Amino acid sequence: MHHARPHWLPGGASSAPQPSRRLSPPAVVFAAMLLVVWSGTKSVVAGEPRRLTSDGRIKFTPVFLDADSVAYVDFEKPELTVIKRLKLSDGVVTPLHAKADTQELEPAFFSGGDRCVFLRARGTLSVGMVIRDETSGKDIEVPPENGFCGFRCPTFSRDGKRVVFSYAAGGFQDLYSVNSADGKDRRKLTKNNGVNNWPDFSPDGKQIVFGSTRHGNFELYMMRADGSDVRRLTDNPFQDLRPRFSPDGRQIAFTSTRDGNHEIYVMQADGSRVRRITRHSERDDYAAWHPDGKRLAVISERNGSHDLYLLEINADTRSTAAQTTP
Amino acid sequence: MAMGLGGMEQTLAAETQRAKSVLFVFLWGAPSHLDTCDPKPDAPAEYRGPFCSINTRTPGVHFTELLPKLAQRSDKYTLIRSHKTTAPGHPDAGTVALTGFEEKPQPVQPNFGSIVSRHRGQSGYLPSFFSIARGTVMDGARRIEGYGGGTLGSAHDPFLVGASERGEVEIPALRLMDGLVPGRVNDRRALLKQLDIVPRTLENARLSEWHRAYQAAYDLLLDPRARNAFDLTRETATTRQRYGQSVFGQSALLARRLVEAHVPYIQLNYSRHVEAITPGFEFGWDTHIYNFDLLQDLHCPILDRAFSALLDDLDERGLLDDTLVVCMGEFGRTPKINARAARDHWPPCYFSMWSGAGITPGRVIGESDRLGEHPLSDPITPKMVGTTIAELAGINTQARAEMNVLDGGSVIEGLI
């Protein structure tokens with residue numbers, strides 16, 4: 001499916017989408033439906049966000065290890081990305097892997113951080129996947145194929161036995177899984193259909209939410225943990241990215257450009273009741289649920305600098321949202 | 001379409017130089033044209049990529065959604081969508097992009113900046129050709145041959161200067177001396193003492209080259225006017241924020257300060273290295289893997305913010321009238337998505353943006369075919385890029401002939 005792609009006014013100001021080309025009558029109906037949907041999108045203030053970092057460097061992919069620790073990737077130098085761990089209680093930031101001397105990216109954790117899976121640059125445009133026992137320091141490295149090649153977005157299954165990741169081959173980028181104990185027994189979960197990315201398990205471990213370009217642009221989908229029963233959750237001409245299940249499994253936080261630039265949204269796990277969380281002319285991205293299910297860590301760009309913020313989410317998510325204007 | 005020698009060039013030569021400064025923004029590593037300034041939303045899925053097309057301020061012209069600020073400013077520049085080059089690899093294509101000629105046969109031709117440097121000479125307190133990066137631009141461990149003076153000699157190599165994401169300016173020639181940054185050079189004796197120590201740590205073969213570079217750096221840093229030009233802390237917080245807290249953003253701000261200081265030619269490099277994710281290397285535009293991720297998450301947001309700020313800032317300060325700004329990579333990327341769900345090198349078709357120095361903005365020159373594989377109109381070559389830059393900088397046919405550079409070049413007709 002290929003949408004008649006609307007446009008939005010550039011420059012950061014949110015606006016109602018408008019067509020970039022002359023719309024056909026069905027497209028006019030579609031655009032009108034979109035406007036109706038957007039007019040129903042709730043956006044309310046729910047308190048000041050808490051700024052967790054202040055260095056302003058570019059950052060990616062926060063993820064909570066436990067209620068007091070969040071890890072994220074820090075663009076520490078132009079040639080070095082470092083996984084860091086920040087404690088909410090005292091604000092202290094430390095490198096997760098003190099001896100890392102090459103780019104490390106996209107960490108995910110199991111059992112409060114006892115095990116970590118992450119990506120590590122290993123050669124020219126070659127990115128491997130490392131499953132590390134953080135207690136013993138023992139690594140299982142899953143190498144990519146020879147040549148320019150790399151993994152993306154690894155995550156543990158809820159029982160810790162498998163690691164699901166994204167991997168490109170044959171012109172497509174599919175989701176696969178391997179045994180977390182030895183990096184073997186690779187199984188393909190999606191079927192040669194566009195770029196599939198950002199897998200995240202439901203708390204009960206039975207479902208995986210992910211993004212895919214199988215219908216043109218990035219949309220969000222759900223499937224069973226074995227790759228069956230794929231259902232589409234979003235459907236609009238803009239990018240819907242990086243879905244994350246809430247701790248109770250009832251909601252999904254994600255990033256979307258549907259209102260003009262990258263903003264954070266929350267929807268029910270079936271794709272209904274989309275609520276906009278952030279509202280700012282600069283970028284808000286990479287939502288990660290706090291274990292209490294009441295807060296989200298996000299990376300926000302403000303005045304050209306990128307920092308980690310913690311947003312309060314109302315218990316009654318029918319009136320969720322935060323104003324991110326630090 | 002090109003105009004032959006003796007035509008438009010002579011007409012322009014009769015005018016005064018339009019560009020007192022040239023600012024060449026080099027997107028080293030080569031961005032995808034389909035994912036940025038030449039989207040093909042109606043192409044098959046294996047070509048078009050996931051990004052939405054958006055309107056620009058120029059009627060009928062679309063960018064992808066990755067460059068919203070530049071789309072909004074399309075009335076400030078002219079877009080060329082019909083570039084074509086010859087070399088398929090970065091070092092060769094980099095040399096062609098910066099000189100207009102292949103690396104072989106030898107000798108290597110001079111960088112466009114070296115031609116301007118030779119023509120203008122050093123009239124002020126600053127060198128006449130700067131290259132902004134955290135070192136010489138590289139492909140892997142290899143320096144591209146077209147980085148400097150070529151047949152005009154090493155005296156016309158660029159002066160290297162870099163900036164951190166926090167706006168701290170550094171001079172690679174002095175990197176061996178820890179803690180020596182422009183703002184701290186107040187004690188001449190202390191500096192001389194440090195400079196005397198450094199040669200002992202260098203190999204003999206590189207000593208001469210380094211000595212020349214550090215001597216230039218040394219002379220420069222003792223001049224308070226030069227230190228002032230490098231001092232980004234003199235900018236307001238609002239201005240620095242406007243460019244973004246990134247190496248490229250603050251480097252673009254440094255470039256604007258060098259324009260204000262009347263430097264004739266500035267090559268502003270997006271990154272020092274081409275490779276996108278490689279140990280020890282900066283993140284360049286060479287996205288054989290992770291193309292769609294990196295463009296959306298890193299490269300395009302940085303470029304969109306910084307280059308837009310640069311155009312606005314130059315315009316607001318009245319500098320755009322006599323500053324030529326050119327932004328381009330060394331080639332395009334494969335319209336057809338590769339096996340790694342990314343894009344490889346594509347010399348037959350790519351884009352550039354031109355602004356200032358009397359260029360009529362808000363237009364599009366050239367057009368690519370429906371898949372973005374080839375120009376539909378006469379292709380624009382790197383030699384035409386160099387010739388047009390030279391012409392706008394006041395270096396006419398005769399002057400070029402006397403330097404024996406850009407032989408056979410023609411200007412890009414629709415641009416001027």
# chains A, B, ... in the order shown; residues from 1 in each chain; ligands from 1
>>> interface_residues(of="chain A", to="chain B", cutoff="8 Å", atoms="only C-alpha atoms", output="number ranges by chain")
A: 5-12, 20, 56-58, 78-80, 102-103, 121-127, 148-150, 168-173, 195, 213, 216-218, 237-239, 303-306
>>> write_last_selection(atoms="N, CA and C atoms", output="compact mmCIF listing (two decimals), in the first residue's frame")
# COMPACT_ATOMS: atom_id res chain seq x y z
N ARG A 5 0.90 10.86 -0.01
CA ARG A 5 1.61 11.31 1.17
C ARG A 5 1.36 12.78 1.48
N PRO A 6 0.76 13.08 2.58
CA PRO A 6 0.57 14.47 2.96
C PRO A 6 1.90 15.13 3.34
N HIS A 7 1.85 16.39 3.54
CA HIS A 7 3.04 17.07 4.01
C HIS A 7 2.65 17.87 5.24
N TRP A 8 3.65 18.33 5.91
CA TRP A 8 3.41 19.25 7.01
C TRP A 8 4.34 20.42 6.82
N LEU A 9 3.95 21.54 7.41
CA LEU A 9 4.77 22.73 7.23
C LEU A 9 6.12 22.53 7.88
N PRO A 10 7.20 22.70 7.14
CA PRO A 10 8.51 22.55 7.74
C PRO A 10 8.82 23.68 8.71
N GLY A 11 9.83 23.46 9.50
CA GLY A 11 10.28 24.50 10.40
C GLY A 11 9.89 24.25 11.84
N GLY A 12 9.24 23.14 12.07
CA GLY A 12 8.98 22.76 13.45
C GLY A 12 7.59 23.11 13.94
N SER A 20 0.87 17.08 -0.48
CA SER A 20 1.99 17.63 -1.24
C SER A 20 1.69 17.57 -2.73
N GLY A 56 24.03 18.07 27.04
CA GLY A 56 23.55 18.50 25.74
C GLY A 56 24.01 17.67 24.56
N ARG A 57 24.86 16.69 24.82
CA ARG A 57 25.35 15.88 23.69
C ARG A 57 24.22 15.02 23.11
N ILE A 58 24.39 14.62 21.87
CA ILE A 58 23.40 13.77 21.22
C ILE A 58 23.32 12.44 21.97
N PRO A 78 32.95 12.57 18.67
CA PRO A 78 32.44 12.34 17.30
C PRO A 78 32.68 10.93 16.80
N GLU A 79 33.69 10.25 17.36
CA GLU A 79 33.98 8.91 16.88
C GLU A 79 33.66 7.85 17.94
N LEU A 80 32.95 8.22 18.99
CA LEU A 80 32.73 7.26 20.07
C LEU A 80 31.35 7.44 20.71
N THR A 102 35.35 1.33 21.54
CA THR A 102 34.75 1.49 20.22
C THR A 102 33.26 1.79 20.40
N GLN A 103 32.59 2.12 19.31
CA GLN A 103 31.18 2.52 19.43
C GLN A 103 30.33 1.36 19.97
N ALA A 121 30.61 -1.78 17.29
CA ALA A 121 31.31 -1.66 16.01
C ALA A 121 32.60 -2.47 16.08
N ARG A 122 32.84 -3.27 15.04
CA ARG A 122 33.98 -4.18 15.10
C ARG A 122 34.92 -4.02 13.92
N GLY A 123 34.52 -3.28 12.90
CA GLY A 123 35.34 -3.06 11.72
C GLY A 123 34.66 -2.05 10.83
N THR A 124 35.15 -1.89 9.61
CA THR A 124 34.57 -0.91 8.72
C THR A 124 33.13 -1.27 8.39
N LEU A 125 32.22 -0.45 8.85
CA LEU A 125 30.79 -0.68 8.62
C LEU A 125 30.40 -2.11 8.96
N SER A 126 30.90 -2.58 10.06
CA SER A 126 30.60 -3.93 10.53
C SER A 126 30.25 -3.83 12.02
N VAL A 127 29.04 -4.25 12.35
CA VAL A 127 28.54 -4.07 13.71
C VAL A 127 28.05 -5.42 14.25
N PHE A 148 30.11 -5.17 4.66
CA PHE A 148 29.33 -4.16 5.36
C PHE A 148 28.05 -4.80 5.88
N CYS A 149 27.92 -4.87 7.18
CA CYS A 149 26.79 -5.61 7.73
C CYS A 149 26.66 -5.30 9.22
N GLY A 150 25.43 -5.37 9.74
CA GLY A 150 25.28 -5.13 11.16
C GLY A 150 23.91 -5.50 11.68
N ALA A 168 19.64 -7.17 8.39
CA ALA A 168 19.36 -6.94 6.97
C ALA A 168 20.06 -7.98 6.11
N ALA A 169 19.30 -8.54 5.18
CA ALA A 169 19.85 -9.48 4.19
C ALA A 169 18.89 -9.56 3.02
N GLY A 170 19.44 -9.67 1.83
CA GLY A 170 18.62 -9.84 0.64
C GLY A 170 17.74 -8.64 0.31
N GLY A 171 18.11 -7.47 0.78
CA GLY A 171 17.34 -6.27 0.48
C GLY A 171 16.27 -5.95 1.49
N PHE A 172 16.08 -6.83 2.46
CA PHE A 172 15.08 -6.59 3.50
C PHE A 172 15.76 -6.62 4.87
N GLN A 173 15.09 -6.06 5.83
CA GLN A 173 15.60 -6.09 7.19
C GLN A 173 14.53 -6.73 8.06
N VAL A 195 11.63 -3.00 5.86
CA VAL A 195 12.54 -2.86 7.00
C VAL A 195 11.73 -3.08 8.27
N THR A 213 8.27 -1.17 7.45
CA THR A 213 7.94 -0.40 6.24
C THR A 213 7.20 -1.27 5.22
N GLY A 216 5.02 0.70 3.07
CA GLY A 216 5.52 1.97 2.52
C GLY A 216 6.36 2.75 3.50
N ASN A 217 5.73 3.36 4.49
CA ASN A 217 6.49 4.10 5.49
C ASN A 217 6.48 3.30 6.80
N PHE A 218 7.15 3.80 7.82
CA PHE A 218 7.19 3.06 9.08
C PHE A 218 5.85 3.14 9.80
N PRO A 237 0.34 8.46 6.99
CA PRO A 237 1.43 8.61 6.03
C PRO A 237 2.75 9.06 6.65
N PHE A 238 2.80 9.23 7.94
CA PHE A 238 4.02 9.71 8.58
C PHE A 238 4.72 8.57 9.29
N GLN A 239 5.85 8.88 9.88
CA GLN A 239 6.64 7.84 10.52
C GLN A 239 6.11 7.53 11.92
N ASN A 303 16.78 23.85 22.28
CA ASN A 303 17.79 24.84 21.91
C ASN A 303 19.02 24.19 21.29
N GLY A 304 18.79 23.17 20.52
CA GLY A 304 19.88 22.53 19.79
C GLY A 304 20.68 21.54 20.58
N SER A 305 20.34 21.34 21.87
CA SER A 305 21.04 20.38 22.71
C SER A 305 20.11 19.20 23.02
N HIS A 306 20.73 18.04 23.26
CA HIS A 306 19.95 16.83 23.49
C HIS A 306 20.17 16.32 24.91
>>> residues_around(residues="A:Pro247", least_positions_apart="2", cutoff="8 Å", atoms="only C-alpha atoms", output="list in words")
Pro203, Phe245, Gly249, Arg250, Trp289, His290, Pro291, Asp292 and Gly293 of chain A
>>> closest_residue(among="B:Trp285, B:Gly100, B:Val22, B:His299", to="B:Ser410", atoms="only C-alpha atoms")
B:Gly100
>>> atom_distance(atom1="atom CA of B:Ala216", atom2="atom CA of B:Ser154")
12.6 Å
>>> select_by_dssp(residues="stretch 175-280 of chain A", states="strand (DSSP E)", output="VMD selection string")
chain A and resid 175 to 179 187 to 188 196 to 201 207 to 212 219 to 224 231 to 232 240 to 245 251 to 256 263 to 268 275 to 276
>>> write_last_selection(atoms="N, CA and C atoms", output="compact mmCIF listing (two decimals), in the first residue's frame")
# COMPACT_ATOMS: atom_id res chain seq x y z
N LEU A 175 13.19 -9.43 11.39
CA LEU A 175 13.40 -9.75 12.80
C LEU A 175 13.75 -11.22 12.94
N TYR A 176 14.73 -11.49 13.77
CA TYR A 176 15.19 -12.84 14.03
C TYR A 176 15.31 -13.02 15.55
N SER A 177 15.50 -14.27 15.95
CA SER A 177 15.86 -14.51 17.34
C SER A 177 16.95 -15.57 17.42
N VAL A 178 17.73 -15.51 18.50
CA VAL A 178 18.75 -16.53 18.77
C VAL A 178 18.67 -16.89 20.25
N ASN A 179 19.27 -18.01 20.60
CA ASN A 179 19.42 -18.36 22.01
C ASN A 179 20.33 -17.35 22.69
N ARG A 187 16.36 -17.99 14.30
CA ARG A 187 15.05 -18.19 13.69
C ARG A 187 14.54 -16.87 13.14
N LYS A 188 13.95 -16.94 11.97
CA LYS A 188 13.42 -15.74 11.33
C LYS A 188 11.96 -15.54 11.72
N ASN A 196 12.11 -4.06 9.06
CA ASN A 196 11.43 -4.35 10.33
C ASN A 196 12.39 -4.05 11.47
N ASN A 197 11.89 -3.35 12.49
CA ASN A 197 12.82 -2.80 13.48
C ASN A 197 12.13 -2.62 14.83
N TRP A 198 12.93 -2.33 15.84
CA TRP A 198 12.50 -1.96 17.20
C TRP A 198 11.56 -3.00 17.84
N PRO A 199 11.93 -4.27 17.90
CA PRO A 199 11.07 -5.25 18.56
C PRO A 199 11.02 -5.01 20.07
N ASP A 200 9.84 -5.21 20.66
CA ASP A 200 9.71 -5.09 22.11
C ASP A 200 8.64 -6.09 22.58
N PHE A 201 9.00 -6.89 23.57
CA PHE A 201 8.09 -7.92 24.06
C PHE A 201 7.05 -7.35 25.01
N GLN A 207 3.68 -11.47 23.02
CA GLN A 207 3.54 -10.61 21.85
C GLN A 207 4.82 -9.80 21.64
N ILE A 208 5.04 -9.43 20.38
CA ILE A 208 6.13 -8.51 20.04
C ILE A 208 5.52 -7.35 19.25
N VAL A 209 5.77 -6.14 19.71
CA VAL A 209 5.39 -4.97 18.93
C VAL A 209 6.65 -4.50 18.20
N PHE A 210 6.49 -4.00 16.98
CA PHE A 210 7.66 -3.61 16.18
C PHE A 210 7.24 -2.61 15.11
N GLY A 211 8.21 -2.00 14.46
CA GLY A 211 7.95 -1.10 13.35
C GLY A 211 8.31 -1.78 12.04
N SER A 212 7.62 -1.39 10.98
CA SER A 212 7.90 -2.02 9.69
C SER A 212 7.52 -1.08 8.56
N GLU A 219 5.27 1.97 10.03
CA GLU A 219 4.05 1.82 10.84
C GLU A 219 4.35 0.82 11.95
N LEU A 220 3.45 0.75 12.91
CA LEU A 220 3.65 -0.17 14.03
C LEU A 220 2.75 -1.40 13.89
N TYR A 221 3.30 -2.53 14.27
CA TYR A 221 2.60 -3.81 14.12
C TYR A 221 2.80 -4.64 15.39
N MET A 222 1.94 -5.63 15.53
CA MET A 222 2.05 -6.58 16.64
C MET A 222 2.02 -7.98 16.05
N MET A 223 2.77 -8.89 16.66
CA MET A 223 2.70 -10.29 16.25
C MET A 223 2.94 -11.17 17.48
N ARG A 224 2.62 -12.43 17.35
CA ARG A 224 2.96 -13.36 18.41
C ARG A 224 4.47 -13.51 18.49
N ARG A 231 -0.59 -8.11 13.18
CA ARG A 231 -1.68 -7.13 13.12
C ARG A 231 -1.10 -5.73 13.05
N ARG A 232 -1.75 -4.90 12.25
CA ARG A 232 -1.29 -3.52 12.10
C ARG A 232 -1.94 -2.64 13.16
N ASP A 240 5.87 6.27 12.20
CA ASP A 240 5.58 5.80 13.55
C ASP A 240 6.72 4.87 13.94
N LEU A 241 7.40 5.19 15.04
CA LEU A 241 8.70 4.59 15.33
C LEU A 241 8.81 4.12 16.78
N ARG A 242 9.71 3.18 17.02
CA ARG A 242 10.21 2.84 18.35
C ARG A 242 9.11 2.56 19.39
N PRO A 243 8.28 1.56 19.17
CA PRO A 243 7.22 1.26 20.14
C PRO A 243 7.78 0.58 21.38
N ARG A 244 7.19 0.90 22.53
CA ARG A 244 7.61 0.26 23.79
C ARG A 244 6.36 -0.06 24.63
N PHE A 245 6.24 -1.32 25.02
CA PHE A 245 5.13 -1.73 25.89
C PHE A 245 5.28 -1.08 27.26
N GLN A 251 -0.51 -0.50 27.35
CA GLN A 251 -0.27 0.65 26.49
C GLN A 251 1.06 0.50 25.74
N ILE A 252 1.18 1.30 24.70
CA ILE A 252 2.42 1.33 23.92
C ILE A 252 2.81 2.79 23.73
N ALA A 253 4.02 3.13 24.13
CA ALA A 253 4.56 4.46 23.85
C ALA A 253 5.34 4.37 22.54
N PHE A 254 5.31 5.43 21.76
CA PHE A 254 6.05 5.42 20.50
C PHE A 254 6.32 6.85 20.06
N THR A 255 7.15 6.97 19.04
CA THR A 255 7.47 8.26 18.43
C THR A 255 6.72 8.35 17.11
N SER A 256 6.23 9.54 16.81
CA SER A 256 5.59 9.74 15.51
C SER A 256 5.87 11.15 15.01
N GLU A 263 7.46 13.55 17.97
CA GLU A 263 6.82 13.72 19.26
C GLU A 263 6.51 12.34 19.84
N ILE A 264 6.28 12.30 21.15
CA ILE A 264 5.97 11.05 21.83
C ILE A 264 4.45 10.89 21.96
N TYR A 265 3.99 9.69 21.74
CA TYR A 265 2.56 9.35 21.84
C TYR A 265 2.41 8.07 22.67
N VAL A 266 1.22 7.90 23.18
CA VAL A 266 0.87 6.64 23.85
C VAL A 266 -0.46 6.18 23.28
N MET A 267 -0.57 4.88 23.04
CA MET A 267 -1.85 4.33 22.59
C MET A 267 -2.12 3.03 23.36
N GLN A 268 -3.35 2.57 23.27
CA GLN A 268 -3.66 1.27 23.85
C GLN A 268 -2.93 0.19 23.05
N ARG A 275 -2.81 9.07 22.19
CA ARG A 275 -2.69 10.33 22.94
C ARG A 275 -1.30 10.91 22.75
N ARG A 276 -1.29 12.18 22.47
CA ARG A 276 -0.01 12.86 22.28
C ARG A 276 0.56 13.26 23.64
>>> select_by_dssp(residues="stretch 22-130 of chain B", states="alpha helix (DSSP H)", output="number ranges by chain")
B: 45-48, 68-72, 90-99, 112-120
>>> write_last_selection(atoms="C-alpha atoms", output="compact mmCIF listing (two decimals), in the first residue's frame")
# COMPACT_ATOMS: atom_id res chain seq x y z
CA ALA B 45 9.20 0.07 -2.99
CA GLU B 46 12.68 -1.30 -3.62
CA TYR B 47 13.75 2.21 -4.65
CA ARG B 48 11.80 4.89 -2.85
CA PRO B 68 12.02 20.29 6.85
CA LYS B 69 13.99 23.44 7.63
CA LEU B 70 15.85 23.36 4.33
CA ALA B 71 12.57 22.72 2.55
CA GLN B 72 11.20 25.86 4.14
CA HIS B 90 35.45 7.72 -2.05
CA PRO B 91 39.11 8.71 -2.37
CA ASP B 92 38.95 9.08 -6.15
CA ALA B 93 35.51 10.65 -6.16
CA GLY B 94 36.53 12.96 -3.33
CA THR B 95 39.45 14.21 -5.36
CA VAL B 96 37.24 14.67 -8.42
CA ALA B 97 34.65 16.53 -6.33
CA LEU B 98 37.24 18.91 -4.87
CA THR B 99 39.44 19.40 -7.95
CA PHE B 112 39.14 24.60 -5.82
CA GLY B 113 40.14 26.35 -2.63
CA SER B 114 43.79 26.26 -3.58
CA ILE B 115 42.97 27.93 -6.88
CA VAL B 116 41.16 30.72 -5.07
CA SER B 117 44.01 30.90 -2.57
CA ARG B 118 46.59 31.27 -5.31
CA HIS B 119 44.53 33.90 -7.10
CA ARG B 120 43.80 36.01 -4.05
>>> closest_residue(among="B:Ala255, B:Cys327, B:Leu319, B:Ala87", to="B:Ser131", atoms="only C-alpha atoms")
B:Ala255
>>> residues_around(residues="A:Ala98", least_positions_apart="4", cutoff="12 Å", atoms="only C-alpha atoms", output="JSON, numbers by chain")
{"A": [82, 83, 84, 85, 93, 94, 102, 104, 134, 137]}
>>> atom_distance(atom1="atom CA of A:Tyr72", atom2="atom CA of A:Ala225")
25.7 Å
>>> residues_around(residues="B:Arg234", least_positions_apart="4", cutoff="12 Å", atoms="only C-alpha atoms", output="CSV table (one decimal) with N, CA and C atoms, in the first residue's frame")
chain,number,residue,atom,x,y,z
B,167,GLY,N,31.8,23.9,20.7
B,167,GLY,CA,32.3,25.1,20.1
B,167,GLY,C,33.8,25.4,20.5
B,168,GLU,N,34.5,24.4,21.1
B,168,GLU,CA,35.9,24.6,21.3
B,168,GLU,C,36.7,24.4,20.1
B,183,GLY,N,42.3,30.0,22.7
B,183,GLY,CA,42.0,30.9,23.8
B,183,GLY,C,43.1,31.0,24.9
B,227,ARG,N,42.8,34.9,16.8
B,227,ARG,CA,42.2,34.2,18.0
B,227,ARG,C,40.7,34.6,18.1
B,228,ASN,N,40.5,35.9,17.8
B,228,ASN,CA,39.1,36.3,17.9
B,228,ASN,C,38.2,35.6,16.9
B,229,ALA,N,38.8,35.4,15.7
B,229,ALA,CA,38.0,34.8,14.6
B,229,ALA,C,37.6,33.3,15.0
B,230,PHE,N,38.5,32.7,15.8
B,230,PHE,CA,38.3,31.3,16.2
B,230,PHE,C,37.4,31.2,17.5
B,238,THR,N,22.2,32.3,22.0
B,238,THR,CA,21.1,32.1,21.0
B,238,THR,C,21.7,31.7,19.6
B,239,THR,N,22.7,32.4,19.2
B,239,THR,CA,23.3,32.1,17.9
B,239,THR,C,23.9,30.7,18.0
B,240,ARG,N,24.6,30.4,19.0
B,240,ARG,CA,25.3,29.0,19.1
B,240,ARG,C,24.2,27.9,19.1
B,253,LEU,N,29.2,27.4,12.4
B,253,LEU,CA,29.3,28.7,13.0
B,253,LEU,C,30.7,29.3,12.8
B,254,LEU,N,31.7,28.4,13.0
B,254,LEU,CA,33.0,28.9,12.8
B,254,LEU,C,33.2,29.3,11.3
B,257,ARG,N,32.1,32.8,10.9
B,257,ARG,CA,33.0,33.8,11.4
B,257,ARG,C,34.2,34.0,10.5
>>> closest_residue(among="A:Cys153, A:Val274, A:Leu86, A:Leu311", to="A:Leu119", atoms="only C-alpha atoms")
A:Cys153
>>> atom_distance(atom1="atom CA of B:His156", atom2="atom CA of B:Ile380")
26.4 Å
>>> residues_around(residues="A:Thr155", least_positions_apart="3", cutoff="6 Å", atoms="only C-alpha atoms", output="list in words")
Ala108, Val163 and Val164 of chain A
>>> write_last_selection(atoms="N, CA and C atoms", output="compact mmCIF listing (two decimals), in the first residue's frame")
# COMPACT_ATOMS: atom_id res chain seq x y z
N ALA A 108 20.05 -3.39 25.70
CA ALA A 108 18.81 -3.89 26.32
C ALA A 108 19.25 -4.80 27.47
N VAL A 163 17.12 -13.79 22.34
CA VAL A 163 17.36 -12.40 21.99
C VAL A 163 16.77 -12.18 20.61
N VAL A 164 15.90 -11.20 20.49
CA VAL A 164 15.30 -10.84 19.20
C VAL A 164 16.00 -9.59 18.70
